[in-house]
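**Student:** Can you read through this structure? Questions will come right after.
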Amino acid sequence: MKKIIIALDGHAGCGKSTTAKAVAKALDYIFIDTGAMYRAVTYHFLSNEVDFSDPTEVDKALEAISLKFVLNPERGIGEIHVNGVNVEPFIRNMDITSRVSDVASIKAVRVFNVAEQQKMGEEKGIVMDGRDIGTVVFPEAELKVFMTADVTVRAKRRLKEMEAKGVATNLEDVEADIRNRDNLDSTRKESPLKKADDAIVVDTSALTIEQQVESILKLATKKINA
């Protein structure tokens with residue numbers, strides 16, 4: 001059976017990562033969480049007090065970063081490691097969330113991560129989610145999906161995820177952060193969030209995760225069997 005590249009782009013809080021993980025598992029594909037890569041770089045920058053506005057500091061910091069996904073056998077998924085250290089437990093809090101769009105808008109960071117992502121997809125058989133997968137990273141991907149949902153629905157989902165992890169916040173703050181990220185992601189100069197011309201739009205506002213996964217698996221099966 002031939003392998004394809006599945007690119008899932010879309011707004012924050014649409015369930016992209018959760019859906020992508022399930023689709024990859026069902027197809028026995030590799031899931032690559034590009035959001036985790038940008039969060040990991042953000043965590044490294046903040047931990048090392050890198051000045052985002054200084055190109056020299058940014059370049060120097062990127063030269064010292066090694067990103068790798070390592071399988072966690074207990075969770076059955078790959079977790080992001082920076083320079084051999086698992087940073088997965090530290091990259092989902094509001095401190096990182098509120099700064100990740102700033103870091104992701106830096107051209108050098110995007111060039112660095114895109115190159116890493118393209119290496120990961122050389123042999124296909126991957127599911128990758130993010131903001132610019134179908135437009136920049138893999139414009140030749142066989143299946144491109146653009147996921148969206150009502151902003152309040154997305155905020156409620158994100159709040160539930162954060163509460164489950166013990167992160168203290170509220171719906172108003174989460175929704176405000178999502179609206180801000182939507183604006184930053186869509187208006188940034190480098191690789192802005194936008195739908196690829198040939199991407200299929202999936203509105204997840206009224207869909208369960210199971211329904212999201214089922215709809216994308218159907219699309220993938222058609223492409224694989226074409």
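So you can find residues: chains in the structure tokens are A, B, ... in the order shown, residues in each start at 1, and ligands are numbered from 1 in order.
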Find the residues near segment 73-89 of chain A: any atom within 7 Å, counting only C-alpha atoms, skip ones fewer than 4 places away on the same chain, and give them as a PyMOL selection string.

**Tutor:** chain A and resi 36-37+40+65-69

**Student:** Would you give me, as a JSON list (two decimals) with N, CA, C and O atoms, in the first residue's frame, the residues in segment 121-203 of chain A that DSSP reads as helix (DSSP H, G or I)?

**Tutor:**
```
[["chain", "number", "residue", "atom", "x", "y", "z"],
["A", 133, "ILE", "N", 1.65, 23.74, 7.06],
["A", 133, "ILE", "CA", 2.13, 22.46, 6.52],
["A", 133, "ILE", "C", 1.78, 22.30, 5.05],
["A", 133, "ILE", "O", 2.61, 21.92, 4.23],
["A", 134, "GLY", "N", 0.53, 22.59, 4.70],
["A", 134, "GLY", "CA", 0.10, 22.43, 3.31],
["A", 134, "GLY", "C", 0.53, 23.54, 2.39],
["A", 134, "GLY", "O", 0.50, 23.38, 1.17],
["A", 135, "THR", "N", 0.95, 24.68, 2.95],
["A", 135, "THR", "CA", 1.35, 25.81, 2.12],
["A", 135, "THR", "C", 2.84, 25.98, 1.98],
["A", 135, "THR", "O", 3.34, 26.42, 0.95],
["A", 136, "VAL", "N", 3.60, 25.62, 3.04],
["A", 136, "VAL", "CA", 5.05, 25.85, 3.04],
["A", 136, "VAL", "C", 5.86, 24.57, 3.20],
["A", 136, "VAL", "O", 6.77, 24.31, 2.43],
["A", 137, "VAL", "N", 5.53, 23.78, 4.23],
["A", 137, "VAL", "CA", 6.35, 22.62, 4.55],
["A", 137, "VAL", "C", 6.20, 21.53, 3.49],
["A", 137, "VAL", "O", 7.19, 21.02, 2.95],
["A", 151, "VAL", "N", -14.72, 30.17, 17.70],
["A", 151, "VAL", "CA", -13.68, 30.52, 18.67],
["A", 151, "VAL", "C", -14.08, 30.17, 20.10],
["A", 151, "VAL", "O", -13.23, 29.73, 20.90],
["A", 152, "THR", "N", -15.34, 30.32, 20.46],
["A", 152, "THR", "CA", -15.77, 29.98, 21.82],
["A", 152, "THR", "C", -15.70, 28.48, 22.05],
["A", 152, "THR", "O", -15.30, 28.01, 23.13],
["A", 153, "VAL", "N", -16.06, 27.71, 21.04],
["A", 153, "VAL", "CA", -15.96, 26.25, 21.13],
["A", 153, "VAL", "C", -14.51, 25.85, 21.33],
["A", 153, "VAL", "O", -14.18, 25.00, 22.17],
["A", 154, "ARG", "N", -13.63, 26.50, 20.59],
["A", 154, "ARG", "CA", -12.20, 26.19, 20.72],
["A", 154, "ARG", "C", -11.66, 26.55, 22.10],
["A", 154, "ARG", "O", -10.87, 25.81, 22.69],
["A", 155, "ALA", "N", -12.12, 27.68, 22.63],
["A", 155, "ALA", "CA", -11.66, 28.11, 23.95],
["A", 155, "ALA", "C", -12.12, 27.13, 25.03],
["A", 155, "ALA", "O", -11.35, 26.80, 25.94],
["A", 156, "LYS", "N", -13.33, 26.66, 24.92],
["A", 156, "LYS", "CA", -13.84, 25.70, 25.91],
["A", 156, "LYS", "C", -13.05, 24.39, 25.86],
["A", 156, "LYS", "O", -12.75, 23.79, 26.89],
["A", 157, "ARG", "N", -12.71, 23.96, 24.65],
["A", 157, "ARG", "CA", -11.90, 22.75, 24.50],
["A", 157, "ARG", "C", -10.53, 22.94, 25.12],
["A", 157, "ARG", "O", -10.03, 22.07, 25.85],
["A", 158, "ARG", "N", -9.89, 24.06, 24.83],
["A", 158, "ARG", "CA", -8.56, 24.32, 25.34],
["A", 158, "ARG", "C", -8.58, 24.44, 26.87],
["A", 158, "ARG", "O", -7.68, 23.93, 27.56],
["A", 159, "LEU", "N", -9.62, 25.08, 27.41],
["A", 159, "LEU", "CA", -9.75, 25.22, 28.86],
["A", 159, "LEU", "C", -9.85, 23.85, 29.52],
["A", 159, "LEU", "O", -9.21, 23.59, 30.55],
["A", 160, "LYS", "N", -10.64, 22.97, 28.91],
["A", 160, "LYS", "CA", -10.80, 21.62, 29.45],
["A", 160, "LYS", "C", -9.48, 20.87, 29.48],
["A", 160, "LYS", "O", -9.14, 20.19, 30.45],
["A", 161, "GLU", "N", -8.69, 21.01, 28.40],
["A", 161, "GLU", "CA", -7.38, 20.37, 28.32],
["A", 161, "GLU", "C", -6.46, 20.89, 29.42],
["A", 161, "GLU", "O", -5.75, 20.12, 30.08],
["A", 162, "MET", "N", -6.47, 22.20, 29.60],
["A", 162, "MET", "CA", -5.57, 22.81, 30.58],
["A", 162, "MET", "C", -5.97, 22.46, 32.00],
["A", 162, "MET", "O", -5.12, 22.19, 32.85],
["A", 163, "GLU", "N", -7.27, 22.42, 32.27],
["A", 163, "GLU", "CA", -7.75, 22.04, 33.60],
["A", 163, "GLU", "C", -7.38, 20.59, 33.91],
["A", 163, "GLU", "O", -7.03, 20.27, 35.05],
["A", 164, "ALA", "N", -7.42, 19.75, 32.89],
["A", 164, "ALA", "CA", -7.07, 18.34, 33.09],
["A", 164, "ALA", "C", -5.60, 18.18, 33.46],
["A", 164, "ALA", "O", -5.21, 17.21, 34.11],
["A", 171, "LEU", "N", -12.05, 30.79, 31.21],
["A", 171, "LEU", "CA", -12.50, 30.80, 29.82],
["A", 171, "LEU", "C", -12.20, 32.12, 29.12],
["A", 171, "LEU", "O", -11.77, 32.13, 27.97],
["A", 172, "GLU", "N", -12.39, 33.23, 29.83],
["A", 172, "GLU", "CA", -12.17, 34.54, 29.22],
["A", 172, "GLU", "C", -10.72, 34.71, 28.79],
["A", 172, "GLU", "O", -10.44, 35.19, 27.67],
["A", 173, "ASP", "N", -9.80, 34.33, 29.65],
["A", 173, "ASP", "CA", -8.37, 34.46, 29.32],
["A", 173, "ASP", "C", -7.98, 33.54, 28.17],
["A", 173, "ASP", "O", -7.20, 33.93, 27.29],
["A", 174, "VAL", "N", -8.51, 32.32, 28.19],
["A", 174, "VAL", "CA", -8.18, 31.37, 27.14],
["A", 174, "VAL", "C", -8.73, 31.84, 25.80],
["A", 174, "VAL", "O", -8.04, 31.78, 24.77],
["A", 175, "GLU", "N", -9.98, 32.33, 25.79],
["A", 175, "GLU", "CA", -10.57, 32.81, 24.54],
["A", 175, "GLU", "C", -9.81, 34.03, 24.01],
["A", 175, "GLU", "O", -9.56, 34.15, 22.80],
["A", 176, "ALA", "N", -9.43, 34.92, 24.91],
["A", 176, "ALA", "CA", -8.66, 36.10, 24.50],
["A", 176, "ALA", "C", -7.33, 35.69, 23.89],
["A", 176, "ALA", "O", -6.88, 36.26, 22.88],
["A", 177, "ASP", "N", -6.69, 34.69, 24.50],
["A", 177, "ASP", "CA", -5.40, 34.21, 23.99],
["A", 177, "ASP", "C", -5.57, 33.58, 22.61],
["A", 177, "ASP", "O", -4.74, 33.79, 21.72],
["A", 178, "ILE", "N", -6.65, 32.82, 22.41],
["A", 178, "ILE", "CA", -6.89, 32.18, 21.12],
["A", 178, "ILE", "C", -7.16, 33.22, 20.04],
["A", 178, "ILE", "O", -6.65, 33.12, 18.92],
["A", 179, "ARG", "N", -7.95, 34.23, 20.37],
["A", 179, "ARG", "CA", -8.22, 35.30, 19.39],
["A", 179, "ARG", "C", -6.92, 36.01, 19.02],
["A", 179, "ARG", "O", -6.69, 36.34, 17.85],
["A", 180, "ASN", "N", -6.09, 36.25, 20.02],
["A", 180, "ASN", "CA", -4.80, 36.90, 19.76],
["A", 180, "ASN", "C", -3.91, 36.02, 18.88],
["A", 180, "ASN", "O", -3.26, 36.51, 17.95],
["A", 181, "ARG", "N", -3.89, 34.72, 19.18],
["A", 181, "ARG", "CA", -3.07, 33.80, 18.37],
["A", 181, "ARG", "C", -3.59, 33.73, 16.94],
["A", 181, "ARG", "O", -2.81, 33.67, 15.99],
["A", 182, "ASP", "N", -4.91, 33.70, 16.78],
["A", 182, "ASP", "CA", -5.49, 33.69, 15.43],
["A", 182, "ASP", "C", -5.00, 34.90, 14.64],
["A", 182, "ASP", "O", -4.61, 34.79, 13.47],
["A", 183, "ASN", "N", -5.03, 36.07, 15.29],
["A", 183, "ASN", "CA", -4.62, 37.29, 14.61],
["A", 183, "ASN", "C", -3.13, 37.26, 14.28],
["A", 183, "ASN", "O", -2.73, 37.58, 13.15],
["A", 184, "LEU", "N", -2.30, 36.87, 15.26],
["A", 184, "LEU", "CA", -0.86, 36.80, 15.03],
["A", 184, "LEU", "C", -0.51, 35.79, 13.95],
["A", 184, "LEU", "O", 0.30, 36.06, 13.06],
["A", 185, "ASP", "N", -1.14, 34.61, 14.03],
["A", 185, "ASP", "CA", -0.83, 33.55, 13.07],
["A", 185, "ASP", "C", -1.24, 33.93, 11.65],
["A", 185, "ASP", "O", -0.56, 33.58, 10.68],
["A", 186, "SER", "N", -2.36, 34.64, 11.53],
["A", 186, "SER", "CA", -2.89, 34.97, 10.21],
["A", 186, "SER", "C", -2.23, 36.19, 9.58],
["A", 186, "SER", "O", -2.27, 36.34, 8.35],
["A", 187, "THR", "N", -1.64, 37.05, 10.40],
["A", 187, "THR", "CA", -1.09, 38.30, 9.87],
["A", 187, "THR", "C", 0.43, 38.37, 9.88],
["A", 187, "THR", "O", 1.00, 39.35, 9.38]]
```

**Student:** Ala206 of chain A: which residues within 10 Å, counting only C-alpha atoms, same-chain residues fewer than 2 positions away excluded, as a list in words?

**Tutor:** Ala149, Asp150, Val153, Asp203, Thr204, Thr208, Ile209, Gln211 and Gln212 of chain A

**Student:** Find the residues around Glu190 of chain A up to 7 Å (only C-alpha atoms counted), leave out those fewer than 2 positions away in its own chain, and share them as a list in words.

**Tutor:**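 Listed by chain and then number, they are Ser105, Lys107, Arg188 and Pro192 of chain A.
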
**Student:** For a test of reading the model, state the distance in Å between atom CA of Asn170 of chain A and atom CA of Thr19 of chain A, rounded to one decimal.

**Tutor:** 24.3 Å

**Student:** Using only C-alpha atoms, pick whichever of A:Met147, A:Val103, A:Ile126, A:Leu71 has the shortest atom-to-atom distance to Leu27 of chain A.

**Tutor:**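 Of the candidates, the smallest distance to Leu27 of chain A is held by A:Ile126.
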